[in-house]
Amino acid sequence: MQIGVLAVQGDIREHAYSLETLDHTPVFIREPEQLNDIQALVMPGGESTAMTVLMRRYCLWDALKESISNGLPVYGTCAGLVLLSRRVYNYPEQPTLRVLNVEVERNAYGSQADSFETSLKIKGLDDELFAFFIRAPIIRTWDNGVEILAEHGGTPVLVRQGNTFASSFHPELTHDLRIHKMFLESTVVRKTS
Amino acid sequence: MEQKGTWTVKKGFAEMFKNGVIMDVTTPEQARIAQEAGAVAVMALERIPADIRKEGGVARMASIKLIKEIISSVSIPVMAKVRIGHVAEARILESLGVDFVDESEVLTPADDRYHVDKHTFKVPFVCGARNLGEAARRIAEGAAMIRTKGEAGTGNVVEAVRHMRTVNEEIRRLRNTNDAELVNYGKEIGAPVEILGQVRDLGRLPVVNFAAGGIATPADAALMMLLGCDGVFVGSGIFKSKAPETMARAIVSAVMYFDKPEKLVEICEDVSEAMPGLDVGSLETRLQDRGA
């Protein structure tokens with residue numbers, strides 16, 4: 001299956017590798033038209049401000065918002081979560097796609113020295129998952145329609161709202177493919193099989 | 001249980017800079033310009049390399065006041081430079097909450113034999129390298145990110161190209177060595193065998209590798225990406241150009257579309273004059289020879 005990786009900035013290669021390992025073909029999305037050729041999209045980690053600037057400069061912003069509104073399954077990691085959210089708590093002037101009904105606080109754990117790794121219990125997975133939180137955002141508020149799939153320190157770190165998934169951690173930095181698999185199986189793979 | 005400052009957390013952070021541009025800034029105002037143009041991080045310093053080169057004297061870590069002002073003026077990560085081997089400057093920056101430390105040959109070295117033992121820090125480090133041996137030594141000392149040294153402050157990309165080409169050539173040669181030859185190769189280039197083994201298996205450095213030192217135009221940035229760099233540092237190239245905002249935006253765009261010439265035409269059309277350049281052969285001080 002053709003799965004897009006938003007190829008604007010960030011750890012694009014790691015997500016592409018995860019998708020390839022799951023026998024999908026990664027498509028590197030840099031043009032709005034390419035959004036029509038994919039069954040789902042992954043938004044990598046990176047800097048949300050840099051991605052926002054470039055997506056708006058190159059007409060990807062509105063096109064992506066429209067595709068997601070029309071049902072394109074999307075999974076955002078870290079910066080991807082920030083972009084999908086309704087609002088950034090501590091930088092309210094930062095534009096977001098407003099497709100996921102959560103409000104986030106950016107860099108909420110502190111500077112890089114406070115970035116950490118830990119293991120998480122994930123709803124629907126038997127074994128714990130090793131997760132990397134890197135200058136990660138925290139989901140501060142969420143609507144009833146947002147399903148919480150994992151928590152850490154009392155706040156959600158993996159959420160789902162319909163076909164939209166988002167995590168504040170980076171599964172692509174490990175060789176653990178279970179989150180990518182869960183995302184694809186519960187959105188696109190099942191639908192077509 | 002949360003574990004901070006682990007190798008993967010440090011190295012993983014550098015992965016997030018990929019396909020991005022890190023810009024040198026000397027004021028909070030410049031930091032904001034960089035962020036608005038789409039920089040993935042800023043490097044806080046007192047003087048940009050072109051001025052350090054011109055003014056001479058001892059170049060040291062930036063003042064705490066300046067770094068604090070820059071941290072509070074942007075939401076993107078803030079890096080700062082320490083002198084090679086200056087463990088105390090590095091501890092100060094770590095404690096201050098800087099996101100990344102550049103142990104940099106652009107500043108005057110504090111130790112002419114040893115680099116900082118970077119494994120003992122929670123904050124990640126980036127170091128310059130001219131070849132695979134240097135890169136491997138820095139990674140063995142704990143650098144979570146490598147950049148070419150290039151020749152900072154010249155606006156001349158030739159040295160950065162030479163360093164990237166050299167690393168690429170050496171990695172290609174390494175790929176054809178067996179275990180017995182690996183030890184000898186390590187001896188030849190002065191590199192730890194464990195690191196070389198990782199490089200051979202991956203076909204690239206085990207950490208992110210950026211271009212730095214002499215990048216002055218969007219085309220320079222695209223060139224370095226075409227050579228296989230993961231991203232680009234721009235020092236003097238932005239704030240020594242005629243129109244810094246436009247230049248910053250254009251270099252960010254060029255890194256995204258480095259392999260799309262038709263896009264690069266549009267991007268380059270926007271920029272006016274780049275910083276003045278220097279012939280590397282005429283330099284009195286070659287910064288790249290520091291800290292091998």
# chains A, B, ... in the order shown; residues from 1 in each chain; ligands from 1

call {"tool": "interface_residues", "arguments": {"of": "chain B", "to": "chain A", "cutoff": "6 Å", "atoms": "only C-alpha atoms", "output": "compact mmCIF listing (two decimals) with N, CA and C atoms, in the first residue's frame"}}
result
# COMPACT_ATOMS: atom_id res chain seq x y z
N MET B 1 9.77 4.05 34.71
CA MET B 1 10.88 4.90 35.13
C MET B 1 11.41 5.73 33.96
N GLU B 2 11.61 7.01 34.20
CA GLU B 2 12.14 7.87 33.14
C GLU B 2 13.66 7.90 33.21
N GLN B 3 14.30 7.73 32.06
CA GLN B 3 15.76 7.86 32.01
C GLN B 3 16.12 9.01 31.10
N LYS B 4 16.88 9.96 31.65
CA LYS B 4 17.25 11.15 30.88
C LYS B 4 18.68 11.04 30.37
N GLU B 15 18.29 13.59 15.27
CA GLU B 15 17.52 13.11 14.12
C GLU B 15 16.39 14.09 13.77
N MET B 16 15.88 14.78 14.77
CA MET B 16 14.75 15.70 14.55
C MET B 16 15.16 16.96 13.78
N PHE B 17 16.46 17.24 13.73
CA PHE B 17 16.93 18.42 12.97
C PHE B 17 17.02 18.13 11.48
N LYS B 18 16.92 16.85 11.11
CA LYS B 18 17.23 16.47 9.73
C LYS B 18 16.37 17.22 8.71
N ASN B 19 16.96 17.44 7.56
CA ASN B 19 16.31 18.19 6.49
C ASN B 19 15.95 19.60 6.96
N GLY B 20 16.78 20.12 7.83
CA GLY B 20 16.52 21.44 8.37
C GLY B 20 17.78 22.31 8.37
N GLY B 38 11.89 29.60 9.35
CA GLY B 38 11.78 28.14 9.32
C GLY B 38 13.03 27.40 9.78
N ALA B 39 13.91 28.07 10.53
CA ALA B 39 15.08 27.37 11.10
C ALA B 39 14.61 26.29 12.08
N VAL B 40 15.36 25.18 12.18
CA VAL B 40 15.01 24.13 13.14
C VAL B 40 15.69 24.36 14.48
N GLY B 97 20.59 25.15 30.55
CA GLY B 97 19.42 24.65 29.82
C GLY B 97 19.51 24.82 28.32
N ASP B 99 19.97 23.49 24.65
CA ASP B 99 19.49 22.20 24.15
C ASP B 99 20.60 21.35 23.51
N LYS B 122 24.41 15.13 30.07
CA LYS B 122 23.03 14.85 29.67
C LYS B 122 22.70 15.61 28.39
N VAL B 123 23.30 16.77 28.22
CA VAL B 123 23.05 17.58 27.03
C VAL B 123 23.84 16.96 25.86

call {"tool": "residues_around", "arguments": {"residues": "segment 285-287 of chain B", "least_positions_apart": "2", "cutoff": "9 Å", "atoms": "only C-alpha atoms", "output": "PyMOL selection string"}}
result
chain B and resi 53+105-108+149-152+280+283+289-290

call {"tool": "residues_around", "arguments": {"residues": "segment 43-45 of chain B", "least_positions_apart": "6", "cutoff": "10 Å", "atoms": "only C-alpha atoms", "output": "PyMOL selection string"}}
result
chain B and resi 22-28+30-31+59-63+66-71+77-82+98+100-102+233-235

call {"tool": "atom_distance", "arguments": {"atom1": "atom CA of Ser18 of chain A", "atom2": "atom CA of Leu177 of chain A"}}
result
6.3 Å

call {"tool": "atom_distance", "arguments": {"atom1": "atom CA of Leu132 of chain B", "atom2": "atom CA of Gly186 of chain B"}}
result
9.9 Å

call {"tool": "atom_distance", "arguments": {"atom1": "atom CA of Lys11 of chain B", "atom2": "atom CA of Ile33 of chain B"}}
result
27.1 Å

call {"tool": "residues_around", "arguments": {"residues": "Val87 of chain B", "least_positions_apart": "5", "cutoff": "9 Å", "atoms": "only C-alpha atoms", "output": "PyMOL selection string"}}
result
chain B and resi 82+92+115-117

call {"tool": "decode", "arguments": {"residues": "segment 61-82 of chain B", "atoms": "N, CA, C and O atoms", "output": "tab-separated table (two decimals), in the first residue's frame"}}
result
chain	number	residue	atom	x	y	z
B	61	MET	N	32.98	31.11	24.74
B	61	MET	CA	31.54	30.89	24.91
B	61	MET	C	30.82	32.24	25.01
B	61	MET	O	31.36	33.19	25.57
B	62	ALA	N	29.60	32.32	24.50
B	62	ALA	CA	28.84	33.57	24.57
B	62	ALA	C	28.46	33.88	26.02
B	62	ALA	O	28.49	33.00	26.88
B	63	SER	N	28.07	35.13	26.27
B	63	SER	CA	27.70	35.51	27.64
B	63	SER	C	26.39	34.84	28.04
B	63	SER	O	25.51	34.60	27.21
B	64	ILE	N	26.28	34.55	29.33
B	64	ILE	CA	25.07	33.90	29.87
B	64	ILE	C	23.85	34.76	29.58
B	64	ILE	O	22.80	34.25	29.20
B	65	LYS	N	24.02	36.07	29.72
B	65	LYS	CA	22.90	36.98	29.53
B	65	LYS	C	22.35	36.84	28.12
B	65	LYS	O	21.14	36.70	27.91
B	66	LEU	N	23.25	36.84	27.14
B	66	LEU	CA	22.83	36.73	25.74
B	66	LEU	C	22.13	35.40	25.47
B	66	LEU	O	21.06	35.35	24.85
B	67	ILE	N	22.71	34.31	25.98
B	67	ILE	CA	22.12	32.99	25.73
B	67	ILE	C	20.73	32.92	26.36
B	67	ILE	O	19.77	32.45	25.74
B	68	LYS	N	20.59	33.44	27.59
B	68	LYS	CA	19.29	33.43	28.26
B	68	LYS	C	18.26	34.23	27.47
B	68	LYS	O	17.12	33.81	27.32
B	69	GLU	N	18.67	35.39	26.96
B	69	GLU	CA	17.75	36.23	26.18
B	69	GLU	C	17.29	35.49	24.93
B	69	GLU	O	16.12	35.56	24.55
B	70	ILE	N	18.23	34.81	24.31
B	70	ILE	CA	17.87	34.10	23.07
B	70	ILE	C	16.96	32.91	23.38
B	70	ILE	O	15.96	32.68	22.70
B	71	ILE	N	17.24	32.18	24.47
B	71	ILE	CA	16.37	31.06	24.85
B	71	ILE	C	14.94	31.56	25.08
B	71	ILE	O	13.98	30.93	24.64
B	72	SER	N	14.81	32.71	25.73
B	72	SER	CA	13.45	33.15	26.04
B	72	SER	C	12.75	33.81	24.85
B	72	SER	O	11.57	34.08	24.92
B	73	SER	N	13.48	34.03	23.76
B	73	SER	CA	12.84	34.72	22.64
B	73	SER	C	12.32	33.77	21.55
B	73	SER	O	11.62	34.20	20.65
B	74	VAL	N	12.66	32.49	21.62
B	74	VAL	CA	12.18	31.54	20.59
B	74	VAL	C	11.67	30.24	21.22
B	74	VAL	O	12.01	29.92	22.36
B	75	SER	N	10.86	29.50	20.44
B	75	SER	CA	10.36	28.20	20.91
B	75	SER	C	11.19	27.06	20.35
B	75	SER	O	11.10	25.93	20.81
B	76	ILE	N	12.01	27.32	19.33
B	76	ILE	CA	12.85	26.26	18.74
B	76	ILE	C	14.08	26.03	19.62
B	76	ILE	O	14.42	26.87	20.46
B	77	PRO	N	14.77	24.89	19.45
B	77	PRO	CA	15.93	24.60	20.28
B	77	PRO	C	17.05	25.65	20.11
B	77	PRO	O	17.22	26.21	19.04
B	78	VAL	N	17.78	25.87	21.20
B	78	VAL	CA	18.90	26.80	21.18
B	78	VAL	C	20.19	26.04	21.45
B	78	VAL	O	20.29	25.28	22.41
B	79	MET	N	21.16	26.23	20.55
B	79	MET	CA	22.48	25.63	20.70
B	79	MET	C	23.45	26.73	21.09
B	79	MET	O	23.18	27.91	20.85
B	80	ALA	N	24.59	26.35	21.66
B	80	ALA	CA	25.64	27.34	21.90
B	80	ALA	C	26.99	26.64	21.81
B	80	ALA	O	27.09	25.42	21.97
B	81	LYS	N	28.03	27.44	21.53
B	81	LYS	CA	29.36	26.87	21.30
B	81	LYS	C	30.21	26.94	22.56
B	81	LYS	O	30.15	27.92	23.30
B	82	VAL	N	31.04	25.90	22.74
B	82	VAL	CA	32.10	25.96	23.75
B	82	VAL	C	33.43	25.76	23.04
B	82	VAL	O	33.50	25.17	21.96
